[in-house]
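Here is model_38.cif, consisting of mmCIF, C-alpha atoms and all ligand atoms:
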data_query
loop_
_atom_site.label_atom_id
_atom_site.label_comp_id
_atom_site.auth_asym_id
_atom_site.auth_seq_id
_atom_site.Cartn_x
_atom_site.Cartn_y
_atom_site.Cartn_z
CA MET A 1 -110.37 -41.36 43.65
CA GLY A 2 -112.73 -38.45 43.07
CA ASP A 3 -111.20 -36.25 45.77
CA LYS A 4 -107.60 -37.11 44.89
CA MET A 5 -105.69 -33.92 44.12
CA HIS A 6 -103.67 -33.94 40.93
CA ASN A 7 -100.58 -31.89 40.51
CA PRO A 8 -101.03 -29.51 37.61
CA VAL A 9 -99.35 -30.67 34.39
CA ASN A 10 -96.55 -28.46 33.21
CA ILE A 11 -95.96 -27.41 29.66
CA SER A 12 -92.27 -27.89 28.87
CA ALA A 13 -90.01 -24.86 29.19
CA ARG A 14 -88.93 -25.61 25.62
CA ALA A 15 -92.49 -25.30 24.33
CA LEU A 16 -93.20 -22.21 26.40
CA SER A 17 -90.14 -20.40 25.11
CA PHE A 18 -90.89 -21.29 21.49
CA PRO A 19 -90.85 -18.15 19.35
CA GLU A 20 -94.12 -16.73 18.09
CA SER A 21 -94.21 -16.04 14.34
CA PRO A 22 -93.61 -12.29 14.00
CA ILE A 23 -95.29 -12.46 10.58
CA ARG A 24 -98.47 -14.14 11.72
CA LYS A 25 -98.93 -12.52 15.12
CA LEU A 26 -100.94 -9.63 13.69
CA ASN A 27 -103.36 -11.99 11.91
CA PRO A 28 -106.12 -11.50 14.52
CA LEU A 29 -106.16 -7.78 13.62
CA ALA A 30 -106.47 -8.63 9.92
CA ASP A 31 -109.23 -11.15 10.71
CA ARG A 32 -111.14 -8.53 12.67
CA ALA A 33 -110.88 -6.07 9.78
CA LYS A 34 -112.16 -8.76 7.38
CA ASP A 35 -115.06 -9.55 9.74
CA GLU A 36 -116.01 -5.86 9.44
CA GLY A 37 -116.13 -6.32 5.66
CA VAL A 38 -112.76 -4.64 4.93
CA LYS A 39 -110.67 -6.01 2.08
CA VAL A 40 -107.11 -6.69 3.30
CA TYR A 41 -104.29 -7.04 0.74
CA HIS A 42 -101.70 -9.45 2.14
CA VAL A 43 -98.15 -8.50 1.30
CA ASN A 44 -96.97 -9.80 4.68
CA ILE A 45 -96.59 -13.48 3.75
CA GLY A 46 -94.90 -15.42 0.96
CA GLN A 47 -97.99 -17.25 -0.27
CA PRO A 48 -98.01 -16.83 -4.07
CA ASP A 49 -101.34 -16.39 -5.89
CA ILE A 50 -100.06 -18.03 -9.11
CA ALA A 51 -101.71 -21.30 -10.19
CA THR A 52 -99.71 -24.48 -9.58
CA PRO A 53 -98.70 -25.91 -13.00
CA ASP A 54 -101.41 -28.14 -14.56
CA GLU A 55 -99.03 -31.03 -15.06
CA PHE A 56 -98.17 -31.01 -11.35
CA MET A 57 -101.87 -31.06 -10.42
CA ASN A 58 -102.55 -33.79 -13.03
CA GLY A 59 -99.94 -36.00 -11.37
CA ILE A 60 -102.02 -35.72 -8.19
CA ARG A 61 -105.47 -35.90 -9.83
CA GLU A 62 -104.65 -38.94 -11.91
CA ALA A 63 -102.97 -40.94 -9.14
CA ASP A 64 -104.51 -44.38 -9.48
CA PHE A 65 -103.93 -46.80 -6.63
CA ASP A 66 -105.98 -48.53 -3.94
CA VAL A 67 -103.72 -47.77 -0.99
CA LEU A 68 -102.21 -44.37 -0.34
CA SER A 69 -99.10 -45.91 1.19
CA TYR A 70 -95.95 -44.55 2.82
CA SER A 71 -93.21 -43.68 0.39
CA PRO A 72 -89.59 -44.65 1.17
CA SER A 73 -88.16 -42.37 3.87
CA LYS A 74 -85.76 -40.66 1.44
CA GLY A 75 -88.39 -40.36 -1.28
CA ILE A 76 -89.73 -42.30 -4.26
CA LYS A 77 -86.91 -43.50 -6.53
CA LYS A 78 -88.47 -42.10 -9.70
CA VAL A 79 -88.89 -38.69 -8.05
CA LEU A 80 -85.30 -38.66 -6.78
CA GLU A 81 -84.10 -39.49 -10.31
CA SER A 82 -86.27 -36.71 -11.76
CA LEU A 83 -84.77 -34.32 -9.22
CA VAL A 84 -81.24 -35.37 -10.22
CA GLY A 85 -82.26 -34.29 -13.76
CA TYR A 86 -83.65 -30.98 -12.49
CA TYR A 87 -80.46 -30.19 -10.54
CA SER A 88 -78.34 -31.14 -13.53
CA ASP A 89 -80.34 -28.62 -15.62
CA GLN A 90 -79.48 -26.07 -12.91
CA GLY A 91 -75.78 -26.89 -13.30
CA ILE A 92 -75.65 -28.86 -10.03
CA LYS A 93 -74.41 -32.39 -10.62
CA LEU A 94 -75.69 -34.80 -7.98
CA GLY A 95 -76.19 -38.53 -7.63
CA SER A 96 -79.52 -39.74 -6.20
CA GLY A 97 -77.59 -40.78 -3.06
CA ASP A 98 -76.77 -37.11 -2.44
CA LEU A 99 -80.45 -36.22 -2.09
CA MET A 100 -83.41 -36.86 0.13
CA ILE A 101 -86.97 -35.64 -0.18
CA THR A 102 -88.34 -33.83 2.85
CA THR A 103 -91.66 -32.44 4.04
CA GLY A 104 -91.05 -29.02 2.58
CA GLY A 105 -87.87 -27.00 2.83
CA SER A 106 -88.88 -26.54 6.47
CA GLU A 107 -88.08 -30.14 7.35
CA ALA A 108 -84.86 -30.00 5.32
CA GLY A 109 -83.88 -26.96 7.42
CA LEU A 110 -84.69 -28.68 10.67
CA PHE A 111 -82.80 -31.83 9.63
CA ALA A 112 -79.80 -29.72 8.60
CA PHE A 113 -79.71 -28.05 12.03
CA TYR A 114 -80.03 -31.42 13.81
CA THR A 115 -77.29 -32.96 11.68
CA ALA A 116 -74.73 -30.17 11.59
CA LEU A 117 -75.05 -28.87 15.15
CA ASP A 118 -74.84 -30.27 18.66
CA GLN A 119 -77.09 -28.93 21.41
CA GLY A 120 -75.56 -25.72 22.74
CA ALA A 121 -73.78 -25.01 19.43
CA GLU A 122 -73.95 -21.67 17.64
CA ILE A 123 -74.92 -20.95 14.06
CA LEU A 124 -74.04 -17.72 12.24
CA ILE A 125 -76.82 -16.26 10.10
CA PRO A 126 -76.83 -12.85 8.36
CA GLU A 127 -79.66 -10.74 9.80
CA PRO A 128 -82.36 -9.94 8.88
CA PHE A 129 -83.23 -13.62 8.30
CA TYR A 130 -86.15 -15.96 7.60
CA THR A 131 -87.90 -16.09 10.96
CA ASN A 132 -88.55 -19.84 11.07
CA TYR A 133 -84.80 -20.48 11.49
CA ARG A 134 -85.50 -19.45 15.07
CA GLY A 135 -87.91 -22.33 15.46
CA PHE A 136 -85.39 -24.79 13.99
CA ALA A 137 -82.71 -23.45 16.34
CA GLN A 138 -85.02 -23.76 19.33
CA MET A 139 -85.95 -27.35 18.44
CA ALA A 140 -82.31 -28.31 17.94
CA GLY A 141 -81.12 -26.44 21.08
CA VAL A 142 -78.90 -24.15 19.03
CA ASP A 143 -78.14 -20.41 19.40
CA ILE A 144 -78.35 -18.07 16.44
CA ILE A 145 -75.53 -15.52 16.27
CA PRO A 146 -76.56 -12.81 13.80
CA ILE A 147 -74.09 -11.47 11.23
CA PRO A 148 -75.07 -7.79 11.00
CA THR A 149 -75.96 -6.35 7.59
CA GLU A 150 -77.45 -2.95 6.77
CA ARG A 151 -80.36 -1.93 4.57
CA ALA A 152 -78.44 1.19 3.47
CA ASN A 153 -75.75 -1.16 2.10
CA ASN A 154 -78.30 -3.44 0.41
CA PHE A 155 -77.64 -6.09 3.06
CA ALA A 156 -74.13 -6.93 1.80
CA LEU A 157 -72.12 -9.27 4.01
CA PRO A 158 -69.45 -7.62 6.15
CA ASP A 159 -65.75 -8.41 5.58
CA GLY A 160 -64.40 -11.86 6.39
CA GLU A 161 -62.58 -10.56 9.49
CA GLU A 162 -65.75 -9.04 10.91
CA ILE A 163 -67.60 -12.34 10.46
CA GLU A 164 -64.64 -14.27 11.87
CA ASP A 165 -64.80 -12.18 15.06
CA LEU A 166 -68.21 -13.78 15.72
CA ILE A 167 -66.84 -17.33 15.55
CA THR A 168 -66.33 -19.07 18.90
CA GLU A 169 -65.50 -22.60 20.08
CA GLU A 170 -69.22 -23.32 19.89
CA THR A 171 -69.78 -22.24 16.28
CA GLY A 172 -70.74 -25.22 14.14
CA ALA A 173 -72.24 -23.75 10.99
CA LEU A 174 -72.95 -20.68 8.92
CA LEU A 175 -76.28 -20.39 7.13
CA LEU A 176 -76.87 -18.40 3.95
CA THR A 177 -80.26 -17.87 2.32
CA ASN A 178 -79.46 -17.22 -1.32
CA PRO A 179 -81.45 -15.49 -2.78
CA SER A 180 -82.49 -14.09 0.55
CA ASN A 181 -85.82 -13.95 2.26
CA PRO A 182 -86.45 -11.23 3.56
CA THR A 183 -83.97 -8.97 1.73
CA GLY A 184 -84.02 -10.21 -1.88
CA ARG A 185 -80.21 -10.11 -1.94
CA ILE A 186 -78.24 -12.48 -4.14
CA TYR A 187 -74.73 -12.85 -2.73
CA SER A 188 -71.88 -11.90 -5.07
CA GLU A 189 -69.11 -14.31 -5.94
CA LYS A 190 -66.81 -12.32 -3.67
CA GLU A 191 -69.16 -12.72 -0.72
CA ILE A 192 -69.62 -16.43 -1.43
CA ASN A 193 -65.85 -16.90 -1.60
CA THR A 194 -65.45 -15.13 1.73
CA VAL A 195 -67.95 -17.55 3.22
CA ARG A 196 -66.28 -20.54 1.62
CA ASN A 197 -62.90 -19.51 3.03
CA LEU A 198 -64.40 -18.95 6.48
CA VAL A 199 -66.13 -22.33 6.71
CA THR A 200 -63.00 -24.09 5.48
CA LYS A 201 -60.64 -22.29 7.82
CA ASN A 202 -62.89 -22.66 10.86
CA ASP A 203 -64.24 -26.17 10.23
CA LEU A 204 -67.88 -25.15 9.89
CA PHE A 205 -70.78 -26.55 7.91
CA LEU A 206 -72.28 -24.24 5.31
CA ILE A 207 -76.06 -24.64 5.28
CA SER A 208 -77.35 -23.05 2.11
CA ASP A 209 -81.07 -22.34 1.76
CA GLU A 210 -81.69 -22.13 -1.98
CA VAL A 211 -85.47 -22.33 -2.14
CA TYR A 212 -85.61 -19.13 -4.26
CA ARG A 213 -82.83 -20.28 -6.65
CA GLU A 214 -84.68 -19.46 -9.88
CA PHE A 215 -85.96 -16.09 -8.77
CA ALA A 216 -82.98 -14.02 -9.94
CA TYR A 217 -83.82 -11.00 -12.05
CA GLY A 218 -80.58 -9.26 -12.95
CA ASP A 219 -77.20 -10.47 -14.12
CA THR A 220 -76.24 -11.93 -10.73
CA ARG A 221 -77.14 -15.62 -10.50
CA PRO A 222 -77.06 -17.28 -7.10
CA VAL A 223 -74.10 -19.64 -6.66
CA SER A 224 -75.13 -22.97 -5.19
CA ALA A 225 -73.11 -24.05 -2.17
CA LEU A 226 -72.97 -27.47 -3.80
CA ASN A 227 -70.91 -25.99 -6.63
CA LEU A 228 -68.21 -24.53 -4.38
CA GLU A 229 -64.95 -26.37 -4.79
CA GLY A 230 -63.20 -27.68 -1.72
CA ILE A 231 -66.22 -27.71 0.62
CA GLU A 232 -67.96 -30.83 -0.72
CA ASP A 233 -67.90 -32.33 2.79
CA ARG A 234 -69.25 -29.15 4.42
CA ALA A 235 -72.09 -27.99 2.21
CA ILE A 236 -75.70 -28.90 3.01
CA MET A 237 -78.36 -27.50 0.71
CA ILE A 238 -81.97 -26.87 1.71
CA ASP A 239 -84.44 -26.69 -1.16
CA SER A 240 -88.16 -26.68 -1.85
CA ILE A 241 -90.67 -26.63 -4.68
CA SER A 242 -93.10 -24.50 -2.63
CA LYS A 243 -92.23 -21.21 -4.31
CA ARG A 244 -90.80 -22.16 -7.70
CA LEU A 245 -93.86 -24.29 -8.50
CA SER A 246 -96.30 -22.28 -6.44
CA GLY A 247 -96.99 -25.52 -4.60
CA CYS A 248 -96.62 -24.60 -0.92
CA GLY A 249 -99.28 -27.13 0.11
CA ALA A 250 -97.58 -30.06 -1.63
CA ARG A 251 -95.00 -30.01 1.19
CA ILE A 252 -92.10 -31.18 -0.93
CA GLY A 253 -88.54 -30.09 -0.24
CA THR A 254 -85.09 -31.58 -0.58
CA LEU A 255 -81.94 -31.80 1.46
CA ALA A 256 -78.75 -32.42 -0.49
CA SER A 257 -75.12 -32.97 0.43
CA ARG A 258 -72.13 -34.77 -1.03
CA ASN A 259 -71.07 -35.73 2.49
CA GLU A 260 -72.13 -39.36 2.85
CA GLU A 261 -72.17 -39.20 6.65
CA VAL A 262 -74.53 -36.22 6.51
CA MET A 263 -76.86 -38.13 4.20
CA ASN A 264 -76.75 -41.25 6.41
CA ALA A 265 -77.59 -39.14 9.47
CA THR A 266 -80.43 -37.25 7.79
CA LEU A 267 -81.86 -40.53 6.51
CA LYS A 268 -82.16 -41.74 10.11
CA LEU A 269 -84.05 -38.54 10.95
CA GLY A 270 -86.21 -39.20 7.89
CA GLN A 271 -86.95 -42.71 9.07
CA SER A 272 -88.17 -41.41 12.40
CA ARG A 273 -90.90 -39.45 10.60
CA LEU A 274 -91.42 -42.37 8.20
CA SER A 275 -92.15 -40.72 4.89
CA PRO A 276 -92.40 -37.45 2.95
CA PRO A 277 -95.82 -36.74 1.37
CA THR A 278 -96.67 -39.21 -1.40
CA MET A 279 -99.15 -37.07 -3.37
CA GLY A 280 -96.80 -34.10 -3.67
CA GLN A 281 -94.07 -36.39 -4.97
CA LEU A 282 -96.40 -37.77 -7.64
CA GLY A 283 -97.21 -34.24 -8.77
CA LEU A 284 -93.54 -33.31 -8.89
CA ALA A 285 -92.49 -36.40 -10.87
CA ARG A 286 -95.21 -35.74 -13.42
CA PHE A 287 -94.22 -32.07 -13.74
CA LEU A 288 -90.49 -32.67 -14.05
CA ASN A 289 -91.08 -35.24 -16.81
CA SER A 290 -93.55 -33.10 -18.74
CA PRO A 291 -92.89 -30.92 -21.80
CA THR A 292 -94.06 -27.81 -19.90
CA TYR A 293 -91.02 -28.03 -17.60
CA PRO A 294 -88.95 -25.78 -17.53
CA SER A 295 -90.96 -23.19 -19.47
CA GLU A 296 -93.53 -22.97 -16.64
CA ILE A 297 -90.78 -22.02 -14.21
CA ASP A 298 -89.48 -19.41 -16.67
CA ARG A 299 -92.96 -17.95 -16.92
CA MET A 300 -93.15 -17.80 -13.14
CA ILE A 301 -89.81 -15.91 -12.98
CA ASP A 302 -90.96 -13.45 -15.62
CA ARG A 303 -94.15 -12.71 -13.68
CA TYR A 304 -92.27 -12.06 -10.44
CA GLU A 305 -89.80 -9.77 -12.16
CA LYS A 306 -92.68 -7.68 -13.53
CA ARG A 307 -94.31 -7.65 -10.10
CA ARG A 308 -91.06 -6.47 -8.52
CA ASP A 309 -90.84 -3.63 -11.02
CA THR A 310 -94.47 -2.61 -10.44
CA LEU A 311 -93.92 -2.60 -6.69
CA LEU A 312 -90.71 -0.55 -6.98
CA GLU A 313 -92.42 2.00 -9.25
CA GLY A 314 -95.30 2.34 -6.79
CA LEU A 315 -92.98 2.72 -3.80
CA ASP A 316 -90.95 5.34 -5.69
CA ARG A 317 -94.05 7.55 -5.70
CA ILE A 318 -94.25 7.57 -1.88
CA ASP A 319 -92.25 10.22 -0.03
CA GLY A 320 -89.85 9.30 2.71
CA LEU A 321 -89.27 5.61 1.95
CA SER A 322 -85.81 4.06 1.65
CA PHE A 323 -85.26 0.80 -0.17
CA GLY A 324 -82.87 -0.86 -2.61
CA LYS A 325 -83.62 -2.91 -5.71
CA PRO A 326 -83.81 -6.59 -4.74
CA ASP A 327 -81.97 -9.00 -7.08
CA GLY A 328 -84.05 -12.04 -6.31
CA ALA A 329 -86.68 -13.98 -4.34
CA PHE A 330 -89.92 -12.00 -3.98
CA TYR A 331 -89.32 -9.87 -0.94
CA LEU A 332 -88.19 -6.36 -0.18
CA MET A 333 -87.27 -4.57 3.06
CA VAL A 334 -88.36 -0.94 3.19
CA SER A 335 -87.51 1.74 5.78
CA LEU A 336 -90.55 3.86 6.60
CA PRO A 337 -90.52 7.46 7.83
CA VAL A 338 -91.97 6.33 11.18
CA GLU A 339 -90.34 5.49 14.48
CA ASP A 340 -91.99 2.13 14.97
CA ALA A 341 -93.11 0.28 11.84
CA GLU A 342 -95.08 -2.30 13.81
CA THR A 343 -97.32 0.37 15.32
CA PHE A 344 -97.95 1.68 11.81
CA VAL A 345 -98.73 -1.83 10.49
CA ARG A 346 -101.18 -2.34 13.38
CA TRP A 347 -102.79 1.04 12.73
CA MET A 348 -103.24 0.19 9.04
CA LEU A 349 -105.21 -2.89 10.15
CA THR A 350 -107.27 -1.26 12.90
CA ASP A 351 -107.81 2.36 11.83
CA PHE A 352 -106.92 3.00 8.21
CA ARG A 353 -109.52 2.37 5.50
CA ASP A 354 -109.63 3.64 1.93
CA GLU A 355 -112.83 2.70 0.11
CA GLY A 356 -113.17 -0.24 2.49
CA GLU A 357 -109.64 -1.52 1.83
CA THR A 358 -106.30 -1.72 3.61
CA ALA A 359 -102.96 -3.56 3.33
CA MET A 360 -101.06 -5.80 5.69
CA MET A 361 -97.25 -5.67 5.77
CA ALA A 362 -94.80 -7.63 7.94
CA PRO A 363 -93.03 -5.52 10.61
CA GLY A 364 -89.27 -5.68 9.97
CA GLU A 365 -88.06 -5.98 13.55
CA GLY A 366 -89.12 -9.64 13.76
CA PHE A 367 -86.54 -10.56 11.11
CA TYR A 368 -83.67 -9.36 13.32
CA ASN A 369 -82.19 -10.92 16.45
CA THR A 370 -80.48 -7.73 17.59
CA PRO A 371 -82.95 -5.78 19.77
CA GLY A 372 -84.12 -2.52 18.19
CA LYS A 373 -82.78 -3.29 14.71
CA GLY A 374 -85.18 -2.99 11.82
CA LYS A 375 -87.66 -1.04 13.95
CA ASP A 376 -88.46 1.38 11.14
CA GLN A 377 -88.62 -1.38 8.50
CA ILE A 378 -91.28 -3.54 6.93
CA ARG A 379 -90.98 -6.54 4.64
CA LEU A 380 -93.15 -6.67 1.55
CA SER A 381 -93.80 -9.85 -0.45
CA TYR A 382 -94.63 -9.27 -4.10
CA VAL A 383 -96.79 -12.34 -4.39
CA LEU A 384 -99.91 -10.53 -5.63
CA ASN A 385 -100.82 -9.53 -9.19
CA ARG A 386 -99.57 -6.20 -10.47
CA GLU A 387 -102.91 -4.41 -10.18
CA ASP A 388 -103.15 -5.43 -6.52
CA LEU A 389 -99.55 -4.38 -5.90
CA GLU A 390 -100.29 -0.96 -7.36
CA ARG A 391 -103.25 -0.68 -5.03
CA VAL A 392 -101.04 -1.75 -2.09
CA THR A 393 -98.60 1.08 -2.76
CA GLU A 394 -101.49 3.51 -3.11
CA LEU A 395 -102.86 2.35 0.26
CA MET A 396 -99.41 2.62 1.84
CA GLY A 397 -98.92 6.14 0.51
CA LYS A 398 -102.34 7.33 1.73
CA GLY A 399 -101.86 5.50 5.03
CA LEU A 400 -98.48 7.10 5.69
CA ALA A 401 -99.77 10.58 4.82
CA GLN A 402 -102.69 10.20 7.26
CA TYR A 403 -100.55 8.56 9.95
CA GLU A 404 -97.90 11.24 9.88
CA GLY A 405 -100.59 13.94 9.79
C1 LIG A 501 -85.98 -18.95 3.00
C2 LIG A 501 -87.01 -20.00 3.18
N1 LIG A 501 -86.61 -21.24 3.47
C3 LIG A 501 -87.50 -22.22 3.65
C4 LIG A 501 -88.85 -22.00 3.53
C5 LIG A 501 -89.76 -23.15 3.81
O1 LIG A 501 -90.68 -23.42 2.82
P1 LIG A 501 -91.41 -24.79 2.66
O2 LIG A 501 -91.39 -25.53 3.95
O3 LIG A 501 -92.79 -24.45 2.22
O4 LIG A 501 -90.68 -25.52 1.61
C6 LIG A 501 -89.31 -20.72 3.24
C7 LIG A 501 -90.76 -20.41 3.15
O5 LIG A 501 -91.20 -19.29 3.10
C8 LIG A 501 -88.36 -19.69 3.05
O6 LIG A 501 -88.73 -18.43 2.75
#
This entry written out as structure tokens:
Amino acid sequence: MGDKMHNPVNISARALSFPESPIRKLNPLADRAKDEGVKVYHVNIGQPDIATPDEFMNGIREADFDVLSYSPSKGIKKVLESLVGYYSDQGIKLGSGDLMITTGGSEAGLFAFYTALDQGAEILIPEPFYTNYRGFAQMAGVDIIPIPTERANNFALPDGEEIEDLITEETGALLLTNPSNPTGRIYSEKEINTVRNLVTKNDLFLISDEVYREFAYGDTRPVSALNLEGIEDRAIMIDSISKRLSGCGARIGTLASRNEEVMNATLKLGQSRLSPPTMGQLGLARFLNSPTYPSEIDRMIDRYEKRRDTLLEGLDRIDGLSFGKPDGAFYLMVSLPVEDAETFVRWMLTDFRDEGETAMMAPGEGFYNTPGKGKDQIRLSYVLNREDLERVTELMGKGLAQYEG
């Protein structure tokens, strides 16, 4: 027994080829800087610093039961009903059968990919895009075909014909993130209509990631895919309370569709993972039935709009940057006057210090599928308070001046 040779175990090819998070891969450099006592301002990730609403936390704190049990696979009835009320307030009329509660928007995204797309299928996504879609695609065995957009054009969608040229026999869905992470774009009615016509004409699902729905700062409001006439059977919405309630750790999202077959299929996926988190649902039900809703969300929006403006003012003072004004979410892509933004981001973490402080940005290239695109770009998240954001722009300005010198 002791001298029996074992064949080495093999990690699956699927696991080995799983994409590394381009946002988190530089974390060891940030950790090293922190170990040296350097203060690092994180504008590389979308983790808000705003307190989760009291009423949400009270729903968790005051939970009073002996057994922390599974909830139903599609979510607790009272929470689903409260969500129907929330969506109605947002102008999206749904029945509770059109909804299921998921473990964050992440699980809703994964379930949407599994449900809408066969293995080997293709999904069209405007690039740059939220990097975790790559993980969902890998898990579902799906290929992402990027729809090119340009920073100089504020990431507007190309014409319908240009998008249609990318559609093949294998294309099963088009995904829009509206408002967009990482660009902050809110798609115009014209763009949304182009997409609606394309998915109708080419028999595609429209997966619409609306987790930043409320974060819209100008006159343009994001149009929900669920409100588009004529595609009721095609639209699948991904949603989450992580950002709008600053409750990323509650792990509560939703998947919604008026297509009964889609909901039946996603429920089976939900059953295989048993249950979405119970505590987060209790917090959400309490919040949505409290008098502070929706004023707390309004307050949150107001704070992000001010943060956006502070960040834009700070960036305006730095020479050589190119960026547009984002309409929504809390992200911004910026072109830097350097050849390779990732090298600059690394250098900021390893070499640059100003009074013992530095800033960490997300290199832009990781948000693109097309090799070489976004090489001079970074993504900034305005999830810090305004004073910290001012300091971030100061650090960026000083960093760039030294780096170029
Ligand atoms: C566009 C987008 N969709 C989905 C998610 C997933 O969020 P969560 O799983 O916390 O709900 C995020 C998180 O950053 C996001 O930016």
| said: Show me, as a list in words, the residues that have an atom within 8 Å of His42 (chain A) when counting only C-alpha atoms, minus same-chain residues fewer than 2 positions from it. | reply: Val40, Asn44, Ile45, Ala359, Met360 and Met361 of chain A
| message | At a cut-off of 9 Å and counting all atoms listed in the file, what residues surround ligand LIG 501 (chain A)? Please answer as a PyMOL selection string. | response | chain A and resi 45-47+102-109+129-133+177-182+209-212+238-243+247-254+329
Pull C-alpha atoms from the residues just selected and write them as a PDB file, in the frame of the given file.
ATOM      1  CA  ILE A  45     -96.590 -13.480   3.750  1.00  0.00           C
ATOM      2  CA  GLY A  46     -94.900 -15.420   0.960  1.00  0.00           C
ATOM      3  CA  GLN A  47     -97.990 -17.250  -0.270  1.00  0.00           C
ATOM      4  CA  THR A 102     -88.340 -33.830   2.850  1.00  0.00           C
ATOM      5  CA  THR A 103     -91.660 -32.440   4.040  1.00  0.00           C
ATOM      6  CA  GLY A 104     -91.050 -29.020   2.580  1.00  0.00           C
ATOM      7  CA  GLY A 105     -87.870 -27.000   2.830  1.00  0.00           C
ATOM      8  CA  SER A 106     -88.880 -26.540   6.470  1.00  0.00           C
ATOM      9  CA  GLU A 107     -88.080 -30.140   7.350  1.00  0.00           C
ATOM     10  CA  ALA A 108     -84.860 -30.000   5.320  1.00  0.00           C
ATOM     11  CA  GLY A 109     -83.880 -26.960   7.420  1.00  0.00           C
ATOM     12  CA  PHE A 129     -83.230 -13.620   8.300  1.00  0.00           C
ATOM     13  CA  TYR A 130     -86.150 -15.960   7.600  1.00  0.00           C
ATOM     14  CA  THR A 131     -87.900 -16.090  10.960  1.00  0.00           C
ATOM     15  CA  ASN A 132     -88.550 -19.840  11.070  1.00  0.00           C
ATOM     16  CA  TYR A 133     -84.800 -20.480  11.490  1.00  0.00           C
ATOM     17  CA  THR A 177     -80.260 -17.870   2.320  1.00  0.00           C
ATOM     18  CA  ASN A 178     -79.460 -17.220  -1.320  1.00  0.00           C
ATOM     19  CA  PRO A 179     -81.450 -15.490  -2.780  1.00  0.00           C
ATOM     20  CA  SER A 180     -82.490 -14.090   0.550  1.00  0.00           C
ATOM     21  CA  ASN A 181     -85.820 -13.950   2.260  1.00  0.00           C
ATOM     22  CA  PRO A 182     -86.450 -11.230   3.560  1.00  0.00           C
ATOM     23  CA  ASP A 209     -81.070 -22.340   1.760  1.00  0.00           C
ATOM     24  CA  GLU A 210     -81.690 -22.130  -1.980  1.00  0.00           C
ATOM     25  CA  VAL A 211     -85.470 -22.330  -2.140  1.00  0.00           C
ATOM     26  CA  TYR A 212     -85.610 -19.130  -4.260  1.00  0.00           C
ATOM     27  CA  ILE A 238     -81.970 -26.870   1.710  1.00  0.00           C
ATOM     28  CA  ASP A 239     -84.440 -26.690  -1.160  1.00  0.00           C
ATOM     29  CA  SER A 240     -88.160 -26.680  -1.850  1.00  0.00           C
ATOM     30  CA  ILE A 241     -90.670 -26.630  -4.680  1.00  0.00           C
ATOM     31  CA  SER A 242     -93.100 -24.500  -2.630  1.00  0.00           C
ATOM     32  CA  LYS A 243     -92.230 -21.210  -4.310  1.00  0.00           C
ATOM     33  CA  GLY A 247     -96.990 -25.520  -4.600  1.00  0.00           C
ATOM     34  CA  CYS A 248     -96.620 -24.600  -0.920  1.00  0.00           C
ATOM     35  CA  GLY A 249     -99.280 -27.130   0.110  1.00  0.00           C
ATOM     36  CA  ALA A 250     -97.580 -30.060  -1.630  1.00  0.00           C
ATOM     37  CA  ARG A 251     -95.000 -30.010   1.190  1.00  0.00           C
ATOM     38  CA  ILE A 252     -92.100 -31.180  -0.930  1.00  0.00           C
ATOM     39  CA  GLY A 253     -88.540 -30.090  -0.240  1.00  0.00           C
ATOM     40  CA  THR A 254     -85.090 -31.580  -0.580  1.00  0.00           C
ATOM     41  CA  ALA A 329     -86.680 -13.980  -4.340  1.00  0.00           C
TER      42      ALA A 329
END
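You will find CA of Thr292 (chain A) at 11.9 Å from CA of Leu245 (chain A).
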| Mind pulling up the distance from CA of Ala152 (chain A) to CA of Gly405 (chain A)? |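 Distance between the two atoms: 26.3 Å.
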| task | Counting all atoms listed in the file, figure out which residue out of A:Gly120, A:Pro146, A:Pro276, A:Pro19 gets nearest to Met100 (chain A). | result |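 Nearest to Met100 (chain A): A:Pro276.
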| Interatomic distance (Å, one decimal) between CA of Glu127 (chain A) and CA of Gly372 (chain A) |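 Interatomic distance, CA of Glu127 (chain A) to CA of Gly372 (chain A): 12.6 Å.
With distances restricted to only C-alpha atoms, A:Leu228 is the closest residue to Arg196 (chain A) from A:Ile101, A:Leu228, A:Leu176, A:Ile167.
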| request: Considering only C-alpha atoms, state which residue in the set A:Ser96, A:Thr358, A:Thr149, A:Ser322 is at the smallest distance from Val345 (chain A). | output: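 Result for the nearest residue to Val345 (chain A): A:Thr358.
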Step by step, gather every atom of region 167-173 of chain A that the file lists, find the box along x, y and z that holds them, add 8 Å on each side, and finally give centre and edge lengths in Å to one decimal, as AutoDock Vina command-line options.
--center_x -68.9 --center_y -21.3 --center_z 15.5 --size_x 22.7 --size_y 23.9 --size_z 25.1
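Within the 12 Å cut-off around Leu384 (chain A), using all atoms listed in the file and omitting residues fewer than 5 positions from it on the same chain, the listed residues are Tyr41, His42, Val43, Asn44, Ile45, Gly46, Gln47, Pro48, Asp49, Ile50, Ala51, Arg303, Tyr304, Lys306, Arg307, Arg308, Thr310, Leu311, Phe330, Tyr331, Ala359, Leu389, Glu390, Arg391 and Val392 of chain A.
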| Could you pull the residues within 10 Å of region 266-273 of chain A, counting all atoms listed in the file, minus those fewer than 5 positions along the same chain, as JSON, numbers by chain? | {"A": [72, 73, 74, 75, 99, 100, 101, 102, 103, 107, 108, 110, 111, 112, 114, 115, 116, 255, 256, 260, 261]}
| said: I need the residue nearest Met333 (chain A) from this list: A:Val262, A:Ala362, A:Ile144, A:Leu226. Use only C-alpha atoms for the distance. | reply: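 Ranked by minimum distance to Met333 (chain A), first place goes to A:Ala362.
Residue nearest Ile236 (chain A) within the list A:Asn10, A:Ser208, A:Asn369, A:Asn385: A:Ser208 [criterion: smallest interatomic distance, all atoms listed in the file].
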